[in-house]
Amino acid sequence: MIKIKNLNKKYGDLEVLKNINVSVSKGDIIAIIGPSGSGKSTFLRCINRLELADSGEIIINNQNILDDSANIDKIRQKVSMVFQHFNLFANKNVIQNLCLAPIKTGILNKEEAIKKARTLLKKVGLSDKEEVMPHKLSGGQKQRIAIARSLMMNPDVILFDEPTSALDPEMIGEVLNIMKELAKEGLTMLVVTHEMGFAKNVANRIFFMDKGNIAIDAHPKEIFENPKNDRLKEFLNKVLNH
C-alpha cells in the first residue's frame, strides 16, 4: 500500500531522515515512537507531502508521490492527516468544517456531504455539536471533530501526528477510544504518539525512530516485553517510569 525507499530529508546540514526503507500494508496500525527530534513528525509529513523529501521514493497505490507529475490533491484525498493542534477553520461551524473539503473537491455534493457529516458526528459522539463554532469546543471535542473531518474523504490511510499531546489528561481517553474503534474497523493508521498504552494494545507494528532512522520495526510484544536495543531500553525506561 505504501512503500518507502531510501527516503532522506535535511534542514540545512541537519539530516532529519536518513535512508528510510519501509513498507506499510493495508490495515496496519503503526505506532511511531522515539525521542524528541528523532524525525517522527517529519517522516509523517513527508508521506503527506507537507514536507518535500530531498531524495528517495514514497510510493502510494503504485504512484511515487515525489514525482513532479504526482497530483498531490488526489493523493491527500486518500492519505488524510490529523494534527496535534486540530487545524479546524475558526470561522466555520462544525458541520461546515466537515463538509468543506469533500464539496470543494467534488467528491460529494452538499446534500451527500451533510448526510455523511452527520453520520460521522454520531460516530465520534458529537451529534449535538453540528452548529457549534470551534472556539466553544473542548480540546478533546475539537480533536474528535478533526478525526471525523479526515474520515469525510474516505481515506485509505490516516496519519496522526501526536493527536493527544495538546489535550488535558481526561480528554486523551475520548480521542484514543475513537482511534481504537477505527483500528477495529481495519483503517490503516500511522500514529506518532507518546501514549505507550495505545502503542502496546492497539498497534500491530511499532516503529522506533532514533536519529532519523527507523531503528526498529517490530511487534509491540517484542518492543515492550523483550527490548534488545539499548537505545530503545533507555527510551522506554524514561517514558514508562517518569
# chains A, B, ... in the order shown; residues from 1 in each chain; ligands from 1
$ residues_around --residues "stretch 1-13 of chain A" --least-positions-apart "5" --cutoff "7 Å" --atoms "only C-alpha atoms" --output "number ranges by chain"
A: 18-26, 53-61
$ write_last_selection --atoms "all heavy atoms" --output "CSV table (one decimal), in the first residue's frame"
chain,number,residue,atom,x,y,z
A,18,LYS,N,17.2,9.7,7.5
A,18,LYS,CA,18.3,9.1,6.8
A,18,LYS,C,18.0,7.8,6.2
A,18,LYS,O,17.8,6.8,6.9
A,18,LYS,CB,19.5,8.9,7.9
A,18,LYS,CG,19.9,10.2,8.5
A,18,LYS,CD,21.0,9.9,9.5
A,18,LYS,CE,21.2,11.0,10.5
A,18,LYS,NZ,21.9,10.6,11.7
A,19,ASN,N,17.9,7.7,4.9
A,19,ASN,CA,17.8,6.5,4.2
A,19,ASN,C,16.8,5.5,4.8
A,19,ASN,O,17.1,4.4,5.1
A,19,ASN,CB,19.2,5.8,4.2
A,19,ASN,CG,19.4,5.0,2.9
A,19,ASN,OD1,18.8,5.3,1.9
A,19,ASN,ND2,20.2,4.0,3.0
A,20,ILE,N,15.5,6.0,4.8
A,20,ILE,CA,14.5,5.1,5.4
A,20,ILE,C,13.9,4.2,4.3
A,20,ILE,O,13.5,4.6,3.2
A,20,ILE,CB,13.4,6.0,6.0
A,20,ILE,CG1,13.9,6.6,7.3
A,20,ILE,CG2,12.1,5.2,6.3
A,20,ILE,CD1,12.9,7.5,8.1
A,21,ASN,N,13.8,2.9,4.7
A,21,ASN,CA,13.2,1.9,3.8
A,21,ASN,C,12.2,1.1,4.6
A,21,ASN,O,12.5,0.4,5.5
A,21,ASN,CB,14.3,1.0,3.2
A,21,ASN,CG,15.2,1.6,2.2
A,21,ASN,OD1,14.8,1.8,1.1
A,21,ASN,ND2,16.3,2.1,2.7
A,22,VAL,N,10.9,1.2,4.2
A,22,VAL,CA,9.9,0.5,4.9
A,22,VAL,C,8.6,0.4,4.1
A,22,VAL,O,8.4,1.2,3.2
A,22,VAL,CB,9.6,1.3,6.3
A,22,VAL,CG1,8.8,2.5,6.1
A,22,VAL,CG2,9.1,0.4,7.4
A,23,SER,N,7.8,-0.6,4.4
A,23,SER,CA,6.5,-0.8,3.7
A,23,SER,C,5.4,-0.8,4.7
A,23,SER,O,5.6,-1.3,5.8
A,23,SER,CB,6.5,-2.1,2.9
A,23,SER,OG,7.3,-2.0,1.8
A,24,VAL,N,4.2,-0.3,4.3
A,24,VAL,CA,3.0,-0.3,5.2
A,24,VAL,C,2.0,-1.1,4.4
A,24,VAL,O,1.7,-0.8,3.2
A,24,VAL,CB,2.5,1.1,5.4
A,24,VAL,CG1,1.2,1.1,6.2
A,24,VAL,CG2,3.6,1.9,6.2
A,25,SER,N,1.4,-2.1,5.1
A,25,SER,CA,0.3,-2.9,4.4
A,25,SER,C,-1.0,-2.4,4.8
A,25,SER,O,-1.2,-1.7,5.8
A,25,SER,CB,0.5,-4.4,4.9
A,25,SER,OG,1.7,-4.8,4.5
A,26,LYS,N,-2.0,-2.7,4.0
A,26,LYS,CA,-3.4,-2.3,4.3
A,26,LYS,C,-3.8,-2.9,5.6
A,26,LYS,O,-3.6,-4.1,5.9
A,26,LYS,CB,-4.3,-2.9,3.2
A,26,LYS,CG,-5.7,-2.3,3.2
A,26,LYS,CD,-6.5,-2.7,2.0
A,26,LYS,CE,-8.0,-2.4,2.1
A,26,LYS,NZ,-8.3,-1.2,2.6
A,53,ALA,N,10.5,15.6,0.7
A,53,ALA,CA,11.8,14.9,0.9
A,53,ALA,C,12.8,15.3,-0.1
A,53,ALA,O,12.5,15.7,-1.2
A,53,ALA,CB,11.5,13.4,0.8
A,54,ASP,N,14.1,15.2,0.3
A,54,ASP,CA,15.2,15.5,-0.6
A,54,ASP,C,15.5,14.5,-1.7
A,54,ASP,O,15.8,14.7,-2.8
A,54,ASP,CB,16.5,15.8,0.2
A,54,ASP,CG,16.3,17.0,1.1
A,54,ASP,OD1,15.6,18.0,0.7
A,54,ASP,OD2,16.8,17.0,2.2
A,55,SER,N,15.3,13.2,-1.3
A,55,SER,CA,15.6,12.1,-2.2
A,55,SER,C,14.8,10.9,-1.7
A,55,SER,O,14.4,10.8,-0.6
A,55,SER,CB,17.1,11.8,-2.3
A,55,SER,OG,17.6,11.5,-1.1
A,56,GLY,N,14.7,9.9,-2.6
A,56,GLY,CA,14.0,8.7,-2.3
A,56,GLY,C,12.7,8.6,-3.0
A,56,GLY,O,12.4,9.4,-3.9
A,57,GLU,N,11.9,7.6,-2.6
A,57,GLU,CA,10.6,7.4,-3.2
A,57,GLU,C,9.6,7.1,-2.1
A,57,GLU,O,9.9,6.4,-1.1
A,57,GLU,CB,10.6,6.1,-4.2
A,57,GLU,CG,11.5,6.3,-5.4
A,57,GLU,CD,11.4,5.1,-6.3
A,57,GLU,OE1,10.8,4.1,-5.9
A,57,GLU,OE2,12.0,5.1,-7.4
A,58,ILE,N,8.4,7.7,-2.3
A,58,ILE,CA,7.3,7.3,-1.4
A,58,ILE,C,6.2,6.9,-2.4
A,58,ILE,O,5.6,7.7,-3.1
A,58,ILE,CB,6.8,8.5,-0.6
A,58,ILE,CG1,7.9,9.0,0.3
A,58,ILE,CG2,5.5,8.1,0.2
A,58,ILE,CD1,7.6,10.3,1.1
A,59,ILE,N,6.0,5.6,-2.4
A,59,ILE,CA,5.0,5.0,-3.4
A,59,ILE,C,3.7,4.7,-2.7
A,59,ILE,O,3.7,3.8,-1.8
A,59,ILE,CB,5.6,3.8,-4.1
A,59,ILE,CG1,6.9,4.2,-4.9
A,59,ILE,CG2,4.6,3.1,-5.0
A,59,ILE,CD1,7.8,3.1,-5.3
A,60,ILE,N,2.6,5.3,-3.1
A,60,ILE,CA,1.3,5.1,-2.5
A,60,ILE,C,0.4,4.6,-3.6
A,60,ILE,O,0.3,5.3,-4.6
A,60,ILE,CB,0.8,6.4,-1.8
A,60,ILE,CG1,1.7,6.8,-0.7
A,60,ILE,CG2,-0.6,6.1,-1.3
A,60,ILE,CD1,1.3,8.1,0.0
A,61,ASN,N,-0.2,3.5,-3.5
A,61,ASN,CA,-1.0,2.9,-4.5
A,61,ASN,C,-0.4,3.0,-5.9
A,61,ASN,O,-0.9,3.5,-6.8
A,61,ASN,CB,-2.4,3.6,-4.5
A,61,ASN,CG,-3.2,3.4,-3.2
A,61,ASN,OD1,-2.9,2.4,-2.5
A,61,ASN,ND2,-4.0,4.3,-2.9
$ atom_distance --atom1 "atom CA of A:Leu187" --atom2 "atom CA of A:Met81"
13.1 Å
$ closest_residue --among "A:His219, A:Lys238, A:His85, A:Arg118" --to "A:Ala146" --atoms "only C-alpha atoms"
A:His85
$ residues_around --residues "A:Lys116" --least-positions-apart "2" --cutoff "12 Å" --atoms "only C-alpha atoms" --output "list of chain:residue names"
A:Ile95, A:Leu98, A:Cys99, A:Pro102, A:Ile103, A:Ile107, A:Leu108, A:Asn109, A:Lys110, A:Glu111, A:Glu112, A:Ala113, A:Ile114, A:Arg118, A:Thr119, A:Leu120, A:Leu121, A:Lys122, A:Lys123, A:Ser127, A:Ala148, A:Arg149, A:Leu151, A:Met152, A:Met153, A:Asn154
$ write_last_selection --atoms "N, CA, C and O atoms" --output "tab-separated table (two decimals), in the first residue's frame"
chain	number	residue	atom	x	y	z
A	95	ILE	N	-20.23	21.45	11.27
A	95	ILE	CA	-20.65	20.73	10.05
A	95	ILE	C	-20.04	21.36	8.80
A	95	ILE	O	-19.68	20.67	7.84
A	98	LEU	N	-16.59	20.01	8.40
A	98	LEU	CA	-16.57	18.65	7.85
A	98	LEU	C	-16.88	18.62	6.36
A	98	LEU	O	-16.29	17.83	5.62
A	99	CYS	N	-17.78	19.49	5.93
A	99	CYS	CA	-18.27	19.41	4.54
A	99	CYS	C	-17.38	20.13	3.52
A	99	CYS	O	-17.47	19.86	2.32
A	102	PRO	N	-14.82	17.79	1.00
A	102	PRO	CA	-15.47	16.90	0.02
A	102	PRO	C	-16.33	17.63	-1.00
A	102	PRO	O	-16.43	17.22	-2.15
A	103	ILE	N	-16.93	18.77	-0.60
A	103	ILE	CA	-17.73	19.55	-1.56
A	103	ILE	C	-16.79	20.25	-2.55
A	103	ILE	O	-16.99	20.21	-3.77
A	107	ILE	N	-16.07	15.46	-4.46
A	107	ILE	CA	-16.29	14.06	-4.08
A	107	ILE	C	-17.76	13.85	-3.72
A	107	ILE	O	-18.35	12.83	-4.03
A	108	LEU	N	-18.33	14.84	-3.02
A	108	LEU	CA	-19.74	14.76	-2.61
A	108	LEU	C	-20.44	16.07	-2.93
A	108	LEU	O	-19.81	17.14	-2.91
A	109	ASN	N	-21.74	15.99	-3.20
A	109	ASN	CA	-22.48	17.24	-3.30
A	109	ASN	C	-22.90	17.66	-1.88
A	109	ASN	O	-22.68	16.92	-0.92
A	110	LYS	N	-23.51	18.84	-1.77
A	110	LYS	CA	-23.78	19.39	-0.44
A	110	LYS	C	-24.67	18.45	0.40
A	110	LYS	O	-24.39	18.19	1.57
A	111	GLU	N	-25.71	17.94	-0.24
A	111	GLU	CA	-26.65	17.07	0.47
A	111	GLU	C	-25.96	15.80	0.99
A	111	GLU	O	-26.11	15.39	2.14
A	112	GLU	N	-25.15	15.18	0.10
A	112	GLU	CA	-24.42	13.96	0.47
A	112	GLU	C	-23.42	14.24	1.61
A	112	GLU	O	-23.27	13.46	2.54
A	113	ALA	N	-22.76	15.41	1.48
A	113	ALA	CA	-21.74	15.77	2.48
A	113	ALA	C	-22.38	15.96	3.86
A	113	ALA	O	-21.86	15.47	4.86
A	114	ILE	N	-23.52	16.64	3.89
A	114	ILE	CA	-24.19	16.88	5.19
A	114	ILE	C	-24.64	15.54	5.80
A	114	ILE	O	-24.45	15.30	7.00
A	118	ARG	N	-23.14	14.07	9.32
A	118	ARG	CA	-23.99	13.72	10.48
A	118	ARG	C	-23.72	12.29	10.96
A	118	ARG	O	-23.69	12.02	12.16
A	119	THR	N	-23.52	11.39	10.01
A	119	THR	CA	-23.17	10.00	10.38
A	119	THR	C	-21.86	9.97	11.16
A	119	THR	O	-21.74	9.26	12.17
A	120	LEU	N	-20.88	10.73	10.68
A	120	LEU	CA	-19.57	10.72	11.34
A	120	LEU	C	-19.60	11.43	12.70
A	120	LEU	O	-18.91	11.02	13.63
A	121	LEU	N	-20.40	12.49	12.80
A	121	LEU	CA	-20.53	13.16	14.10
A	121	LEU	C	-21.14	12.21	15.13
A	121	LEU	O	-20.74	12.19	16.29
A	122	LYS	N	-22.07	11.39	14.67
A	122	LYS	CA	-22.66	10.39	15.56
A	122	LYS	C	-21.58	9.39	15.99
A	122	LYS	O	-21.47	9.02	17.16
A	123	LYS	N	-20.76	8.99	15.03
A	123	LYS	CA	-19.70	8.02	15.29
A	123	LYS	C	-18.72	8.52	16.35
A	123	LYS	O	-18.26	7.76	17.20
A	127	SER	N	-23.00	14.41	17.89
A	127	SER	CA	-24.16	14.77	17.04
A	127	SER	C	-24.76	16.12	17.41
A	127	SER	O	-25.30	16.83	16.58
A	148	ALA	N	-13.21	13.14	12.50
A	148	ALA	CA	-14.40	12.99	11.64
A	148	ALA	C	-14.16	13.68	10.30
A	148	ALA	O	-14.49	13.15	9.23
A	149	ARG	N	-13.53	14.86	10.35
A	149	ARG	CA	-13.26	15.60	9.10
A	149	ARG	C	-12.34	14.79	8.18
A	149	ARG	O	-12.54	14.73	6.98
A	151	LEU	N	-12.13	11.61	8.02
A	151	LEU	CA	-12.88	10.46	7.51
A	151	LEU	C	-13.86	10.84	6.39
A	151	LEU	O	-14.31	9.97	5.64
A	152	MET	N	-14.18	12.12	6.28
A	152	MET	CA	-15.11	12.59	5.24
A	152	MET	C	-14.62	12.25	3.84
A	152	MET	O	-15.39	12.09	2.92
A	153	MET	N	-13.29	12.15	3.68
A	153	MET	CA	-12.72	11.93	2.35
A	153	MET	C	-12.59	10.45	2.00
A	153	MET	O	-12.03	10.10	0.97
A	154	ASN	N	-13.08	9.57	2.88
A	154	ASN	CA	-12.90	8.12	2.66
A	154	ASN	C	-11.45	7.75	2.43
A	154	ASN	O	-11.12	7.10	1.44
$ residues_around --residues "A:Met179" --least-positions-apart "2" --cutoff "10 Å" --atoms "only C-alpha atoms" --output "list in words"
Val124, Arg144, Ile147, Phe160, Pro163, Gly173, Glu174, Val175, Leu176, Asn177, Glu181, Leu182, Ala183, Lys184, Glu185, Leu187, Met189, Val191, Phe198 and Val202 of chain A
$ write_last_selection --atoms "C-alpha atoms" --output "tab-separated table (two decimals), in the first residue's frame"
chain	number	residue	atom	x	y	z
A	124	VAL	CA	-17.45	10.37	17.29
A	144	ARG	CA	-12.73	14.18	17.56
A	147	ILE	CA	-10.84	12.90	13.04
A	160	PHE	CA	-1.97	11.05	13.17
A	163	PRO	CA	-3.11	13.58	18.25
A	173	GLY	CA	-9.12	8.79	26.55
A	174	GLU	CA	-12.03	10.04	24.48
A	175	VAL	CA	-9.79	10.59	21.45
A	176	LEU	CA	-7.92	7.29	21.87
A	177	ASN	CA	-11.25	5.44	22.10
A	181	GLU	CA	-12.71	1.94	17.06
A	182	LEU	CA	-11.18	2.93	13.71
A	183	ALA	CA	-8.43	0.36	14.23
A	184	LYS	CA	-11.06	-2.35	14.77
A	185	GLU	CA	-12.72	-1.33	11.51
A	187	LEU	CA	-8.47	1.50	8.75
A	189	MET	CA	-3.20	4.25	10.55
A	191	VAL	CA	0.33	7.32	14.63
A	198	PHE	CA	-2.13	2.76	22.82
A	202	VAL	CA	-3.77	-1.20	19.62
$ closest_residue --among "A:Ile65, A:Ile223, A:Met133, A:Leu232" --to "A:Asn48" --atoms "only C-alpha atoms"
A:Ile65
$ atom_distance --atom1 "atom CA of A:Ser138" --atom2 "atom CA of A:Ser36"
26.5 Å
$ select_by_dssp --residues "stretch 10-137 of chain A" --states "strand (DSSP E or B)" --output "PyMOL selection string"
chain A and resi 10-11+14-24+29-33+55-60+63-64+79-82
$ write_last_selection --atoms "N, CA, C and O atoms" --output "compact mmCIF listing (two decimals), in the first residue's frame"
# COMPACT_ATOMS: atom_id res chain seq x y z
N LYS A 10 16.79 16.73 4.73
CA LYS A 10 17.71 17.58 5.50
C LYS A 10 17.12 18.96 5.72
O LYS A 10 16.37 19.45 4.88
N TYR A 11 17.45 19.57 6.84
CA TYR A 11 17.22 21.01 7.02
C TYR A 11 18.61 21.62 7.16
O TYR A 11 19.24 21.46 8.21
N LEU A 14 21.43 19.61 8.90
CA LEU A 14 20.85 18.62 9.82
C LEU A 14 20.09 17.55 9.03
O LEU A 14 19.13 17.83 8.33
N GLU A 15 20.57 16.31 9.16
CA GLU A 15 19.88 15.19 8.50
C GLU A 15 18.74 14.73 9.41
O GLU A 15 18.97 14.17 10.47
N VAL A 16 17.51 15.00 8.98
CA VAL A 16 16.35 14.67 9.82
C VAL A 16 15.87 13.25 9.54
O VAL A 16 15.44 12.54 10.44
N LEU A 17 15.92 12.84 8.28
CA LEU A 17 15.57 11.46 7.91
C LEU A 17 16.73 10.89 7.10
O LEU A 17 17.21 11.52 6.16
N LYS A 18 17.16 9.69 7.48
CA LYS A 18 18.34 9.11 6.83
C LYS A 18 18.00 7.75 6.23
O LYS A 18 17.81 6.77 6.94
N ASN A 19 17.87 7.75 4.94
CA ASN A 19 17.80 6.49 4.20
C ASN A 19 16.77 5.51 4.76
O ASN A 19 17.07 4.37 5.10
N ILE A 20 15.52 5.97 4.85
CA ILE A 20 14.45 5.12 5.42
C ILE A 20 13.87 4.20 4.33
O ILE A 20 13.53 4.64 3.24
N ASN A 21 13.81 2.92 4.66
CA ASN A 21 13.20 1.92 3.77
C ASN A 21 12.18 1.13 4.57
O ASN A 21 12.54 0.44 5.53
N VAL A 22 10.92 1.23 4.18
CA VAL A 22 9.88 0.53 4.95
C VAL A 22 8.61 0.41 4.12
O VAL A 22 8.38 1.20 3.21
N SER A 23 7.80 -0.61 4.40
CA SER A 23 6.51 -0.79 3.71
C SER A 23 5.38 -0.81 4.73
O SER A 23 5.56 -1.29 5.84
N VAL A 24 4.23 -0.29 4.31
CA VAL A 24 3.03 -0.32 5.15
C VAL A 24 1.97 -1.11 4.40
O VAL A 24 1.71 -0.83 3.22
N ILE A 29 -1.78 -0.91 11.79
CA ILE A 29 -1.86 0.18 12.77
C ILE A 29 -0.44 0.33 13.30
O ILE A 29 0.04 -0.53 14.05
N ILE A 30 0.23 1.38 12.87
CA ILE A 30 1.65 1.54 13.22
C ILE A 30 1.81 2.70 14.20
O ILE A 30 1.42 3.84 13.90
N ALA A 31 2.33 2.41 15.37
CA ALA A 31 2.66 3.46 16.33
C ALA A 31 4.12 3.84 16.11
O ALA A 31 4.99 2.97 16.04
N ILE A 32 4.35 5.14 15.95
CA ILE A 32 5.72 5.63 15.72
C ILE A 32 6.16 6.30 17.01
O ILE A 32 5.58 7.30 17.44
N ILE A 33 7.16 5.71 17.65
CA ILE A 33 7.64 6.22 18.93
C ILE A 33 9.12 6.58 18.82
O ILE A 33 9.79 6.19 17.87
N SER A 55 15.32 13.21 -1.25
CA SER A 55 15.56 12.11 -2.20
C SER A 55 14.84 10.87 -1.72
O SER A 55 14.39 10.79 -0.58
N GLY A 56 14.74 9.91 -2.63
CA GLY A 56 14.05 8.65 -2.31
C GLY A 56 12.70 8.58 -3.00
O GLY A 56 12.37 9.41 -3.85
N GLU A 57 11.93 7.57 -2.62
CA GLU A 57 10.61 7.36 -3.22
C GLU A 57 9.59 7.09 -2.12
O GLU A 57 9.88 6.40 -1.14
N ILE A 58 8.39 7.65 -2.30
CA ILE A 58 7.25 7.30 -1.43
C ILE A 58 6.16 6.85 -2.40
O ILE A 58 5.56 7.67 -3.09
N ILE A 59 5.96 5.55 -2.44
CA ILE A 59 5.01 5.00 -3.42
C ILE A 59 3.71 4.65 -2.70
O ILE A 59 3.69 3.82 -1.79
N ILE A 60 2.65 5.34 -3.10
CA ILE A 60 1.33 5.10 -2.51
C ILE A 60 0.41 4.64 -3.63
O ILE A 60 0.26 5.34 -4.64
N GLN A 63 2.00 4.78 -7.05
CA GLN A 63 2.45 6.06 -7.62
C GLN A 63 3.47 6.71 -6.68
O GLN A 63 3.24 6.81 -5.48
N ASN A 64 4.59 7.14 -7.27
CA ASN A 64 5.61 7.84 -6.46
C ASN A 64 5.16 9.28 -6.26
O ASN A 64 5.16 10.08 -7.20
N VAL A 79 -4.84 9.97 1.57
CA VAL A 79 -3.95 9.94 2.74
C VAL A 79 -4.26 11.17 3.58
O VAL A 79 -3.81 12.27 3.29
N SER A 80 -5.09 10.97 4.59
CA SER A 80 -5.58 12.08 5.41
C SER A 80 -4.65 12.31 6.58
O SER A 80 -3.94 11.40 6.99
N MET A 81 -4.69 13.51 7.15
CA MET A 81 -3.81 13.78 8.29
C MET A 81 -4.58 14.46 9.42
O MET A 81 -5.39 15.36 9.19
N VAL A 82 -4.32 14.01 10.64
CA VAL A 82 -4.89 14.63 11.84
C VAL A 82 -3.72 15.21 12.64
O VAL A 82 -2.76 14.50 12.94
$ atom_distance --atom1 "atom CA of A:Lys142" --atom2 "atom CA of A:Phe86"
6.3 Å
$ select_by_dssp --residues "stretch 99-177 of chain A" --states "helix (DSSP H, G or I)" --output "JSON, numbers by chain"
{"A": [99, 100, 101, 102, 103, 104, 110, 111, 112, 113, 114, 115, 116, 117, 118, 119, 120, 121, 122, 123, 127, 128, 129, 134, 135, 136, 139, 140, 141, 142, 143, 144, 145, 146, 147, 148, 149, 150, 151, 169, 170, 171, 172, 173, 174, 175, 176, 177]}
$ residues_around --residues "A:Thr188" --least-positions-apart "6" --cutoff "7 Å" --atoms "only C-alpha atoms" --output "list in words"
Lys26, Gly27, Asp28, Ile29, Asp156, Val157 and Ile158 of chain A
$ write_last_selection --atoms "C-alpha atoms" --output "mmCIF file, in the first residue's frame"
data_model
loop_
_atom_site.group_PDB
_atom_site.id
_atom_site.type_symbol
_atom_site.label_atom_id
_atom_site.label_comp_id
_atom_site.auth_asym_id
_atom_site.auth_seq_id
_atom_site.Cartn_x
_atom_site.Cartn_y
_atom_site.Cartn_z
ATOM 1 C CA LYS A 26 -3.406 -2.337 4.276
ATOM 2 C CA GLY A 27 -4.901 -2.497 7.781
ATOM 3 C CA ASP A 28 -1.607 -1.850 9.581
ATOM 4 C CA ILE A 29 -1.859 0.181 12.772
ATOM 5 C CA ASP A 156 -7.156 4.682 2.654
ATOM 6 C CA VAL A 157 -4.727 5.842 5.340
ATOM 7 C CA ILE A 158 -4.888 8.348 8.197
#
$ closest_residue --among "A:Lys233, A:Phe89, A:Ser165, A:Leu159" --to "A:Leu50" --atoms "only C-alpha atoms"
A:Leu159
